[in-house]
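Have a look at model.pdb below; it lists PDB, C-alpha atoms and all ligand atoms.
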ATOM      1  CA  LEU A   1       0.093   4.579  39.602
ATOM      2  CA  GLU A   2       3.857   5.048  39.984
ATOM      3  CA  PRO A   3       5.421   5.430  36.497
ATOM      4  CA  GLU A   4       7.338   2.151  36.923
ATOM      5  CA  LEU A   5       4.052   0.416  37.813
ATOM      6  CA  ASP A   6       2.019   2.016  35.017
ATOM      7  CA  LEU A   7       2.333  -0.818  32.526
ATOM      8  CA  THR A   8       0.787  -1.838  29.222
ATOM      9  CA  ILE A   9       0.719  -5.123  27.337
ATOM     10  CA  GLY A  10       1.281  -5.218  23.586
ATOM     11  CA  ILE A  11       0.201  -8.160  21.412
ATOM     12  CA  ASP A  12       1.388  -8.627  17.830
ATOM     13  CA  LEU A  13      -0.886 -11.231  16.240
ATOM     14  CA  GLU A  14       0.556 -12.815  13.104
ATOM     15  CA  GLY A  15      -0.309 -15.853  11.038
ATOM     16  CA  THR A  16       2.507 -17.989  12.415
ATOM     17  CA  SER A  17       3.334 -16.528  15.821
ATOM     18  CA  THR A  18       1.881 -14.175  18.412
ATOM     19  CA  ARG A  19       4.253 -11.994  20.408
ATOM     20  CA  ILE A  20       3.248 -10.599  23.778
ATOM     21  CA  GLY A  21       5.255  -7.903  25.592
ATOM     22  CA  LEU A  22       4.932  -6.088  28.913
ATOM     23  CA  PHE A  23       6.220  -2.493  28.798
ATOM     24  CA  ASP A  24       6.546   0.328  31.331
ATOM     25  CA  ALA A  25       5.450   3.931  30.769
ATOM     26  CA  LYS A  26       8.795   4.756  29.081
ATOM     27  CA  LEU A  27       8.332   1.779  26.726
ATOM     28  CA  VAL A  28      11.122  -0.166  28.415
ATOM     29  CA  PRO A  29      10.377  -3.869  27.835
ATOM     30  CA  ILE A  30       9.906  -5.756  31.125
ATOM     31  CA  ALA A  31       9.066  -9.211  29.819
ATOM     32  CA  SER A  32       8.008 -10.786  26.554
ATOM     33  CA  CYS A  33       7.206 -14.133  24.999
ATOM     34  CA  ALA A  34       6.066 -15.628  21.711
ATOM     35  CA  ILE A  35       3.616 -18.452  21.132
ATOM     36  CA  ALA A  36       2.588 -20.241  17.946
ATOM     37  CA  THR A  37      -0.650 -18.845  16.483
ATOM     38  CA  ARG A  38      -2.884 -21.885  16.028
ATOM     39  CA  VAL A  39      -5.013 -20.222  13.362
ATOM     40  CA  LEU A  40      -6.923 -23.408  12.504
ATOM     41  CA  ALA A  41      -7.856 -24.007  16.171
ATOM     42  CA  GLY A  42     -10.086 -20.933  15.835
ATOM     43  CA  PRO A  43     -10.098 -17.492  17.412
ATOM     44  CA  GLU A  44     -11.693 -18.555  20.751
ATOM     45  CA  ALA A  45      -8.887 -21.078  21.390
ATOM     46  CA  CYS A  46      -6.225 -18.502  20.448
ATOM     47  CA  VAL A  47      -7.705 -15.872  22.778
ATOM     48  CA  ALA A  48      -7.718 -18.430  25.640
ATOM     49  CA  GLU A  49      -4.026 -19.230  24.939
ATOM     50  CA  ILE A  50      -3.065 -15.547  24.823
ATOM     51  CA  SER A  51      -4.917 -14.929  28.084
ATOM     52  CA  SER A  52      -3.119 -17.785  29.918
ATOM     53  CA  GLU A  53       0.198 -16.601  28.493
ATOM     54  CA  ILE A  54      -0.433 -13.093  29.874
ATOM     55  CA  ILE A  55      -1.084 -14.537  33.354
ATOM     56  CA  ARG A  56       2.130 -16.583  33.103
ATOM     57  CA  LEU A  57       4.055 -13.491  31.967
ATOM     58  CA  LEU A  58       2.802 -11.402  34.916
ATOM     59  CA  GLU A  59       3.581 -14.229  37.381
ATOM     60  CA  SER A  60       7.115 -14.494  35.997
ATOM     61  CA  CYS A  61       7.707 -10.826  36.876
ATOM     62  CA  GLY A  62       6.853 -11.237  40.579
ATOM     63  CA  GLY A  63       4.927  -8.483  42.337
ATOM     64  CA  ILE A  64       3.198  -7.287  39.147
ATOM     65  CA  SER A  65      -0.519  -7.944  38.921
ATOM     66  CA  LYS A  66      -3.383  -6.928  36.647
ATOM     67  CA  ARG A  67      -3.991  -3.771  38.692
ATOM     68  CA  HIS A  68      -0.673  -2.418  37.356
ATOM     69  CA  ILE A  69      -1.813  -2.844  33.750
ATOM     70  CA  ARG A  70      -3.350   0.222  32.145
ATOM     71  CA  GLY A  71      -4.585  -1.861  29.225
ATOM     72  CA  ILE A  72      -3.789  -4.230  26.367
ATOM     73  CA  GLY A  73      -3.161  -3.144  22.776
ATOM     74  CA  ILE A  74      -3.422  -5.709  19.994
ATOM     75  CA  GLY A  75      -2.270  -5.344  16.401
ATOM     76  CA  SER A  76      -4.110  -7.759  14.114
ATOM     77  CA  PRO A  77      -3.904  -8.490  10.407
ATOM     78  CA  GLY A  78      -6.418  -6.275   8.605
ATOM     79  CA  PRO A  79      -8.876  -5.366   7.413
ATOM     80  CA  ILE A  80     -10.630  -4.685  10.711
ATOM     81  CA  ASP A  81     -14.095  -3.203  11.067
ATOM     82  CA  LEU A  82     -13.158  -0.628  13.684
ATOM     83  CA  GLN A  83     -16.691   0.768  13.785
ATOM     84  CA  MET A  84     -17.950  -2.573  15.113
ATOM     85  CA  GLU A  85     -14.542  -3.494  16.647
ATOM     86  CA  VAL A  86     -14.567  -6.895  14.956
ATOM     87  CA  LEU A  87     -12.209  -8.522  12.452
ATOM     88  CA  GLY A  88     -13.033  -8.257   8.773
ATOM     89  CA  VAL A  89     -12.510 -11.032   6.225
ATOM     90  CA  LEU A  90      -8.932 -12.245   6.715
ATOM     91  CA  PRO A  91      -7.704 -14.331   3.741
ATOM     92  CA  ASN A  92      -5.039 -16.143   5.821
ATOM     93  CA  PHE A  93      -7.245 -16.719   8.902
ATOM     94  CA  PRO A  94     -10.036 -19.080   7.806
ATOM     95  CA  GLY A  95     -12.898 -19.184  10.314
ATOM     96  CA  TRP A  96     -11.968 -15.838  11.945
ATOM     97  CA  ASP A  97     -14.290 -13.622   9.855
ATOM     98  CA  SER A  98     -16.111 -10.951  11.899
ATOM     99  CA  PHE A  99     -14.702 -12.316  15.181
ATOM    100  CA  PRO A 100     -15.168  -9.854  18.091
ATOM    101  CA  LEU A 101     -11.472  -9.941  19.063
ATOM    102  CA  LYS A 102     -11.539  -6.904  21.369
ATOM    103  CA  GLN A 103     -14.570  -8.005  23.387
ATOM    104  CA  SER A 104     -13.411 -11.618  23.587
ATOM    105  CA  LEU A 105      -9.941 -10.640  24.877
ATOM    106  CA  GLU A 106     -11.466  -8.220  27.403
ATOM    107  CA  THR A 107     -13.730 -10.960  28.763
ATOM    108  CA  ALA A 108     -10.845 -13.448  28.947
ATOM    109  CA  THR A 109      -8.369 -11.095  30.664
ATOM    110  CA  GLY A 110     -10.589  -8.657  32.569
ATOM    111  CA  LEU A 111      -8.491  -5.805  31.111
ATOM    112  CA  PRO A 112      -9.432  -3.040  28.648
ATOM    113  CA  VAL A 113      -8.311  -3.817  25.093
ATOM    114  CA  VAL A 114      -7.588  -1.503  22.138
ATOM    115  CA  LEU A 115      -7.748  -3.192  18.717
ATOM    116  CA  GLU A 116      -5.809  -1.852  15.728
ATOM    117  CA  SER A 117      -4.502  -3.214  12.423
ATOM    118  CA  ASP A 118      -0.899  -4.461  12.508
ATOM    119  CA  ALA A 119       0.223  -1.862   9.931
ATOM    120  CA  ASN A 120      -1.361   0.976  11.933
ATOM    121  CA  ALA A 121       0.327  -0.315  15.109
ATOM    122  CA  ALA A 122       3.708  -0.291  13.316
ATOM    123  CA  ALA A 123       3.010   3.236  12.014
ATOM    124  CA  ILE A 124       2.234   4.422  15.565
ATOM    125  CA  ALA A 125       5.520   2.962  16.847
ATOM    126  CA  GLU A 126       7.577   4.647  14.104
ATOM    127  CA  TRP A 127       5.696   7.915  14.720
ATOM    128  CA  LYS A 128       6.189   7.930  18.496
ATOM    129  CA  VAL A 129       9.666   6.416  18.907
ATOM    130  CA  GLY A 130      11.143   5.799  15.437
ATOM    131  CA  VAL A 131      11.658   7.852  12.276
ATOM    132  CA  GLY A 132       8.598  10.029  12.964
ATOM    133  CA  LYS A 133      10.023  11.169  16.284
ATOM    134  CA  GLN A 134      13.371  12.060  14.633
ATOM    135  CA  SER A 135      11.568  14.037  11.930
ATOM    136  CA  GLY A 136       9.330  15.892  14.406
ATOM    137  CA  GLU A 137       6.384  15.427  12.009
ATOM    138  CA  ASN A 138       2.874  14.507  13.201
ATOM    139  CA  SER A 139       1.759  13.074   9.869
ATOM    140  CA  LEU A 140       3.309  10.083   8.123
ATOM    141  CA  VAL A 141       2.572   7.007   6.050
ATOM    142  CA  MET A 142       4.101   3.636   6.823
ATOM    143  CA  LEU A 143       4.169   0.661   4.472
ATOM    144  CA  THR A 144       5.065  -2.819   5.658
ATOM    145  CA  LEU A 145       6.442  -5.084   2.939
ATOM    146  CA  GLY A 146       6.078  -8.657   4.172
ATOM    147  CA  THR A 147       3.871 -11.577   3.155
ATOM    148  CA  GLY A 148       1.478  -8.836   2.012
ATOM    149  CA  VAL A 149       1.708  -5.047   1.801
ATOM    150  CA  GLY A 150       0.233  -3.269   4.827
ATOM    151  CA  SER A 151      -0.126   0.471   5.222
ATOM    152  CA  GLY A 152      -0.925   2.908   8.007
ATOM    153  CA  PHE A 153      -1.519   6.652   7.857
ATOM    154  CA  ILE A 154      -1.059   9.046  10.789
ATOM    155  CA  LEU A 155      -2.708  12.403  10.055
ATOM    156  CA  ASN A 156      -2.030  15.317  12.421
ATOM    157  CA  GLY A 157      -1.288  12.990  15.347
ATOM    158  CA  LYS A 158      -4.180  10.563  14.804
ATOM    159  CA  VAL A 159      -4.510   7.310  12.901
ATOM    160  CA  TRP A 160      -6.600   7.914   9.799
ATOM    161  CA  HIS A 161      -9.109   5.044   9.846
ATOM    162  CA  GLY A 162     -11.490   6.122   7.111
ATOM    163  CA  LYS A 163     -15.196   5.467   7.520
ATOM    164  CA  PHE A 164     -14.958   1.710   8.184
ATOM    165  CA  GLY A 165     -11.446   1.370   9.590
ATOM    166  CA  MET A 166      -9.949   0.351   6.246
ATOM    167  CA  GLY A 167      -8.524   3.683   5.116
ATOM    168  CA  VAL A 168      -5.280   3.811   3.092
ATOM    169  CA  GLU A 169      -5.067   0.143   2.056
ATOM    170  CA  LEU A 170      -2.310   0.911  -0.428
ATOM    171  CA  GLY A 171      -1.521  -2.808  -0.816
ATOM    172  CA  HIS A 172      -4.767  -3.125  -2.764
ATOM    173  CA  ALA A 173      -4.355  -0.072  -4.974
ATOM    174  CA  THR A 174      -4.182  -1.059  -8.665
ATOM    175  CA  ILE A 175      -0.675  -0.744 -10.086
ATOM    176  CA  VAL A 176      -1.038  -2.901 -13.217
ATOM    177  CA  PRO A 177      -4.363  -2.853 -15.111
ATOM    178  CA  ASP A 178      -5.475  -6.481 -15.702
ATOM    179  CA  GLY A 179      -2.400  -7.603 -13.756
ATOM    180  CA  LEU A 180      -1.965 -10.599 -11.461
ATOM    181  CA  ALA A 181      -5.104 -11.753  -9.602
ATOM    182  CA  CYS A 182      -4.981 -10.774  -5.914
ATOM    183  CA  GLY A 183      -6.564 -12.651  -2.991
ATOM    184  CA  CYS A 184      -8.848  -9.629  -2.438
ATOM    185  CA  GLY A 185     -10.660 -10.251  -5.752
ATOM    186  CA  SER A 186      -9.061  -7.408  -7.744
ATOM    187  CA  LYS A 187      -6.285  -7.603 -10.334
ATOM    188  CA  GLY A 188      -2.895  -5.893 -10.401
ATOM    189  CA  CYS A 189      -2.822  -4.838  -6.711
ATOM    190  CA  LEU A 190       0.480  -3.437  -5.372
ATOM    191  CA  GLU A 191       0.599  -6.395  -2.958
ATOM    192  CA  MET A 192       1.040  -8.781  -5.916
ATOM    193  CA  TYR A 193       4.313  -7.023  -6.886
ATOM    194  CA  ALA A 194       5.849  -5.432  -3.771
ATOM    195  CA  SER A 195       5.424  -8.207  -1.160
ATOM    196  CA  SER A 196       7.718 -11.181  -0.571
ATOM    197  CA  LYS A 197       5.278 -13.331  -2.567
ATOM    198  CA  GLY A 198       5.336 -10.724  -5.350
ATOM    199  CA  LEU A 199       9.125 -10.596  -5.401
ATOM    200  CA  LEU A 200       9.394 -14.380  -5.760
ATOM    201  CA  THR A 201       6.874 -14.296  -8.636
ATOM    202  CA  ILE A 202       8.909 -11.551 -10.357
ATOM    203  CA  ALA A 203      12.134 -13.547  -9.839
ATOM    204  CA  ARG A 204      10.573 -16.650 -11.424
ATOM    205  CA  GLY A 205       9.473 -14.510 -14.377
ATOM    206  CA  VAL A 206      12.998 -13.073 -14.802
ATOM    207  CA  ALA A 207      14.554 -16.557 -14.535
ATOM    208  CA  HIS A 208      12.453 -17.750 -17.465
ATOM    209  CA  SER A 209      13.045 -14.665 -19.623
ATOM    210  CA  GLU A 210      16.107 -13.859 -21.776
ATOM    211  CA  LEU A 211      17.693 -12.384 -18.614
ATOM    212  CA  GLY A 212      17.461 -15.755 -16.861
ATOM    213  CA  THR A 213      20.813 -17.367 -16.239
ATOM    214  CA  PHE A 214      21.525 -20.966 -15.316
ATOM    215  CA  HIS A 215      22.273 -19.909 -11.726
ATOM    216  CA  LEU A 216      19.033 -17.899 -11.276
ATOM    217  CA  LYS A 217      16.952 -20.743 -12.764
ATOM    218  CA  GLU A 218      18.657 -23.134 -10.352
ATOM    219  CA  LEU A 219      17.712 -20.878  -7.419
ATOM    220  CA  VAL A 220      14.035 -20.359  -8.345
ATOM    221  CA  GLU A 221      13.525 -24.035  -9.162
ATOM    222  CA  ARG A 222      15.124 -25.328  -5.966
ATOM    223  CA  PRO A 223      12.866 -28.141  -4.662
ATOM    224  CA  SER A 224      13.082 -26.738  -1.097
ATOM    225  CA  GLY A 225      11.881 -23.326  -2.351
ATOM    226  CA  PHE A 226      13.630 -19.956  -2.057
ATOM    227  CA  THR A 227      13.097 -16.799  -0.010
ATOM    228  CA  PRO A 228      13.605 -13.051  -0.538
ATOM    229  CA  GLU A 229      16.732 -13.390   1.663
ATOM    230  CA  ASP A 230      18.141 -16.120  -0.652
ATOM    231  CA  LEU A 231      17.490 -13.827  -3.602
ATOM    232  CA  ALA A 232      19.155 -10.849  -1.841
ATOM    233  CA  ILE A 233      22.294 -12.901  -1.114
ATOM    234  CA  PHE A 234      22.344 -14.155  -4.714
ATOM    235  CA  ALA A 235      21.928 -10.543  -5.949
ATOM    236  CA  GLN A 236      25.289  -9.650  -4.351
ATOM    237  CA  SER A 237      27.111 -12.438  -6.230
ATOM    238  CA  ALA A 238      28.887 -12.254  -9.583
ATOM    239  CA  HIS A 239      25.982 -14.114 -11.247
ATOM    240  CA  GLY A 240      23.351 -11.978  -9.501
ATOM    241  CA  ALA A 241      22.249  -9.606 -12.316
ATOM    242  CA  GLY A 242      18.856 -11.330 -12.715
ATOM    243  CA  ALA A 243      18.176 -11.209  -8.967
ATOM    244  CA  ARG A 244      19.172  -7.524  -8.866
ATOM    245  CA  PHE A 245      16.765  -6.915 -11.759
ATOM    246  CA  ALA A 246      13.929  -8.639  -9.803
ATOM    247  CA  TYR A 247      14.512  -6.300  -6.834
ATOM    248  CA  GLU A 248      14.600  -3.336  -9.244
ATOM    249  CA  MET A 249      11.238  -4.416 -10.695
ATOM    250  CA  LEU A 250       9.819  -4.523  -7.158
ATOM    251  CA  GLY A 251      11.240  -1.036  -6.568
ATOM    252  CA  LYS A 252       9.630   0.235  -9.745
ATOM    253  CA  PHE A 253       6.155  -1.103  -8.851
ATOM    254  CA  LEU A 254       6.499   0.200  -5.291
ATOM    255  CA  GLY A 255       7.604   3.577  -6.648
ATOM    256  CA  ILE A 256       4.495   3.822  -8.867
ATOM    257  CA  GLY A 257       2.323   3.079  -5.813
ATOM    258  CA  LEU A 258       4.172   5.684  -3.744
ATOM    259  CA  ALA A 259       3.991   8.246  -6.548
ATOM    260  CA  ASN A 260       0.176   7.940  -6.527
ATOM    261  CA  LEU A 261       0.182   8.157  -2.733
ATOM    262  CA  ILE A 262       2.368  11.290  -2.722
ATOM    263  CA  SER A 263       0.295  12.927  -5.445
ATOM    264  CA  THR A 264      -2.856  12.172  -3.392
ATOM    265  CA  LEU A 265      -1.752  12.958   0.176
ATOM    266  CA  ASP A 266       1.522  14.932  -0.045
ATOM    267  CA  PRO A 267       2.714  13.373   3.263
ATOM    268  CA  PRO A 268       5.917  14.761   4.849
ATOM    269  CA  VAL A 269       7.302  11.313   5.794
ATOM    270  CA  ILE A 270       6.954   7.840   4.242
ATOM    271  CA  ILE A 271       8.506   4.895   6.084
ATOM    272  CA  ILE A 272       9.111   1.503   4.487
ATOM    273  CA  GLY A 273       9.182  -1.392   6.952
ATOM    274  CA  GLY A 274       8.533  -5.135   7.014
ATOM    275  CA  GLY A 275      10.987  -7.926   6.200
ATOM    276  CA  LEU A 276      11.785  -6.694   2.672
ATOM    277  CA  ALA A 277      12.907  -3.265   3.931
ATOM    278  CA  GLY A 278      16.178  -4.983   4.946
ATOM    279  CA  SER A 279      17.025  -5.114   1.200
ATOM    280  CA  TRP A 280      16.568  -1.329   0.854
ATOM    281  CA  SER A 281      19.745  -0.815  -1.189
ATOM    282  CA  LEU A 282      18.571  -3.384  -3.763
ATOM    283  CA  PHE A 283      15.216  -1.742  -4.550
ATOM    284  CA  ALA A 284      15.380   1.888  -3.333
ATOM    285  CA  PRO A 285      17.213   3.432  -6.352
ATOM    286  CA  ALA A 286      14.586   2.025  -8.782
ATOM    287  CA  MET A 287      11.826   3.067  -6.363
ATOM    288  CA  PHE A 288      13.033   6.689  -6.189
ATOM    289  CA  GLU A 289      13.453   6.775  -9.979
ATOM    290  CA  ALA A 290       9.826   5.647 -10.454
ATOM    291  CA  ILE A 291       8.509   8.136  -7.873
ATOM    292  CA  LEU A 292      10.324  10.984  -9.634
ATOM    293  CA  GLU A 293       9.018   9.815 -12.996
ATOM    294  CA  HIS A 294       5.382   9.424 -11.902
ATOM    295  CA  SER A 295       4.756  12.071  -9.236
ATOM    296  CA  PHE A 296       4.626  15.720 -10.164
ATOM    297  CA  VAL A 297       4.167  16.553  -6.463
ATOM    298  CA  TYR A 298       7.346  14.646  -5.508
ATOM    299  CA  ARG A 299       9.367  16.370  -8.233
ATOM    300  CA  LEU A 300       8.459  19.648  -6.507
ATOM    301  CA  SER A 301       8.932  18.380  -2.938
ATOM    302  CA  ALA A 302      11.908  15.975  -3.121
ATOM    303  CA  PRO A 303      14.981  16.795  -1.022
ATOM    304  CA  SER A 304      18.235  17.529  -2.851
ATOM    305  CA  GLN A 305      19.617  14.169  -1.642
ATOM    306  CA  ILE A 306      16.648  11.836  -2.102
ATOM    307  CA  ASP A 307      16.966   9.787   1.088
ATOM    308  CA  THR A 308      17.988  12.527   3.521
ATOM    309  CA  LEU A 309      15.832  14.430   5.976
ATOM    310  CA  GLU A 310      15.642  18.066   4.853
ATOM    311  CA  PRO A 311      13.202  20.602   6.317
ATOM    312  CA  ASN A 312       9.959  20.967   4.341
ATOM    313  CA  ARG A 313      10.870  18.190   1.906
ATOM    314  CA  THR A 314       9.281  14.755   1.423
ATOM    315  CA  PHE A 315      11.337  12.216   3.385
ATOM    316  CA  ILE A 316      11.199   8.553   2.325
ATOM    317  CA  CYS A 317      13.274   6.123   4.362
ATOM    318  CA  PRO A 318      13.504   2.589   5.763
ATOM    319  CA  ALA A 319      11.895   1.872   9.156
ATOM    320  CA  SER A 320      14.107   2.228  12.221
ATOM    321  CA  LEU A 321      12.457  -0.231  14.626
ATOM    322  CA  GLY A 322      12.642  -3.376  12.487
ATOM    323  CA  CYS A 323      10.338  -6.236  13.408
ATOM    324  CA  ALA A 324       9.749  -4.791  16.914
ATOM    325  CA  ALA A 325       7.556  -1.988  15.492
ATOM    326  CA  GLY A 326       4.301  -3.999  15.612
ATOM    327  CA  LEU A 327       4.762  -5.011  19.263
ATOM    328  CA  ILE A 328       5.885  -1.552  20.452
ATOM    329  CA  GLY A 329       3.004   0.097  18.601
ATOM    330  CA  ALA A 330       0.518  -2.335  20.165
ATOM    331  CA  ALA A 331       1.878  -1.529  23.643
ATOM    332  CA  LEU A 332       1.417   2.190  22.897
ATOM    333  CA  LEU A 333      -2.272   1.840  21.969
ATOM    334  CA  PRO A 334      -3.723   1.991  25.530
ATOM    335  CA  ARG A 335      -1.724   5.191  26.158
ATOM    336  CA  LEU A 336      -2.991   6.938  23.019
ATOM    337  CA  THR A 337      -6.609   6.496  23.990
ATOM    338  CA  THR A 338      -6.449   6.757  27.808
ATOM    339  CA  ALA A 339      -3.680   9.343  28.282
ATOM    340  CA  PRO A 340      -5.080  12.589  29.800
TER
HETATM  341 ZN    ZN A 401      -5.772  -6.833  -3.686
END

Would you mind giving the structure from this file in structure tokens?
Amino acid sequence: LEPELDLTIGIDLEGTSTRIGLFDAKLVPIASCAIATRVLAGPEACVAEISSEIIRLLESCGGISKRHIRGIGIGSPGPIDLQMEVLGVLPNFPGWDSFPLKQSLETATGLPVVLESDANAAAIAEWKVGVGKQSGENSLVMLTLGTGVGSGFILNGKVWHGKFGMGVELGHATIVPDGLACGCGSKGCLEMYASSKGLLTIARGVAHSELGTFHLKELVERPSGFTPEDLAIFAQSAHGAGARFAYEMLGKFLGIGLANLISTLDPPVIIIGGGLAGSWSLFAPAMFEAILEHSFVYRLSAPSQIDTLEPNRTFICPASLGCAAGLIGAALLPRLTTAP
């Protein structure tokens, strides 16, 4: 195939929307679209909708047909049983347990499909075209702080899947013994403190403590609800001390998780992505403080300026691709496995 006609399709499957993108061999986006993910309609119905959307997308490009598509990559919420290439038990996708997503999408589209977890897809994107590329390193860990906490680990140029495809699930590492009950069945998981849900829980706790001001209470008790973005804006205001403290608490919990990760793996690069990474300046100082306090390995490997890239020093930084990472990483999947 000519390079401009050697295309891949990336799919980023999320609880609310599914993004589909057509990319050329240089990862230049050719066309993309987003459809609502009708989780409750079931996985078969969603696969049929994705398949029709792909046909529509190709038709809209004129002159591009399935024979120009090297393959489809799909990033799905984890855990995924990659040994059997089926979905695991997905707390936010009732009725999707053990669904053979790869096989079903291959049958519907007639194209080869590579299935990966969404966090691994984002890690691949940052490794190939984001922070990882800038650093020149072939090993890195990426965390995505969103509704939950996802994590992906690239080891010497390959995704580390573990035995069952669930390796490095840092979101479910215990940070607080007997802490908040997590959807996975354990208590005190990092996800309960360093996700958007966790941040809102922390903020409510601060609002009702001696640090709670009238303005913070008003925000957390708003009948229409509040978001991490609302809290970040409030944190910048004159009355925002409580909100800043909530972000610092998140940074502290995240830092403890990262300290354990660094002491275990000693990775050269750690990238923090997902929606919350946009509030880096609000939580990063507390995060670095906790990492320094809890990781002996990091105290020996930290750069002189904590968030700068220095040779042979642990580099921890925010993601560079933003919310596009999942889609770009998915589009890269068919090239990782079929490239000569
Ligand atoms: Zn958990």

Would you please work out which residue, of A:Gly136, A:Pro29, A:Pro177, A:Pro43, is nearest to Gly157 in chain A when using only C-alpha atoms?
-> A:Gly136

Name the residues captured by the PyMOL selection byres (((not hetatm)) within 9 of (chain A and resi 401)) when it is applied to the shown file; answer as a PDB file with C-alpha atoms, in the coordinates of the input.
ATOM      1  CA  GLY A 171      -1.521  -2.808  -0.816  1.00  0.00           C
ATOM      2  CA  HIS A 172      -4.767  -3.125  -2.764  1.00  0.00           C
ATOM      3  CA  ALA A 173      -4.355  -0.072  -4.974  1.00  0.00           C
ATOM      4  CA  THR A 174      -4.182  -1.059  -8.665  1.00  0.00           C
ATOM      5  CA  ALA A 181      -5.104 -11.753  -9.602  1.00  0.00           C
ATOM      6  CA  CYS A 182      -4.981 -10.774  -5.914  1.00  0.00           C
ATOM      7  CA  GLY A 183      -6.564 -12.651  -2.991  1.00  0.00           C
ATOM      8  CA  CYS A 184      -8.848  -9.629  -2.438  1.00  0.00           C
ATOM      9  CA  GLY A 185     -10.660 -10.251  -5.752  1.00  0.00           C
ATOM     10  CA  SER A 186      -9.061  -7.408  -7.744  1.00  0.00           C
ATOM     11  CA  LYS A 187      -6.285  -7.603 -10.334  1.00  0.00           C
ATOM     12  CA  GLY A 188      -2.895  -5.893 -10.401  1.00  0.00           C
ATOM     13  CA  CYS A 189      -2.822  -4.838  -6.711  1.00  0.00           C
ATOM     14  CA  LEU A 190       0.480  -3.437  -5.372  1.00  0.00           C
ATOM     15  CA  GLU A 191       0.599  -6.395  -2.958  1.00  0.00           C
ATOM     16  CA  MET A 192       1.040  -8.781  -5.916  1.00  0.00           C
TER      17      MET A 192
END

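The set of residues that the PyMOL selection byres (((chain A and resi 256-258) around 7) and not hetatm) takes from this file is Ile175, Leu190, Lys252, Phe253, Leu254, Gly255, Ala259, Asn260, Leu261, Ile262, Ala290, Ile291 and His294 of chain A.
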
Extract, using only C-alpha atoms, all DNA, RNA and protein residues at most 12 Å from Gly95 in chain A, discarding same-chain residues fewer than 6 positions from it, and format them as a PyMOL selection string.
-> chain A and resi 38-45+87-89

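For the residues A:Thr264, A:Gly78, A:Asn156, A:Arg67, ranking by smallest atom-to-atom distance to Pro91 in chain A using all atoms listed in the file places A:Gly78 first.
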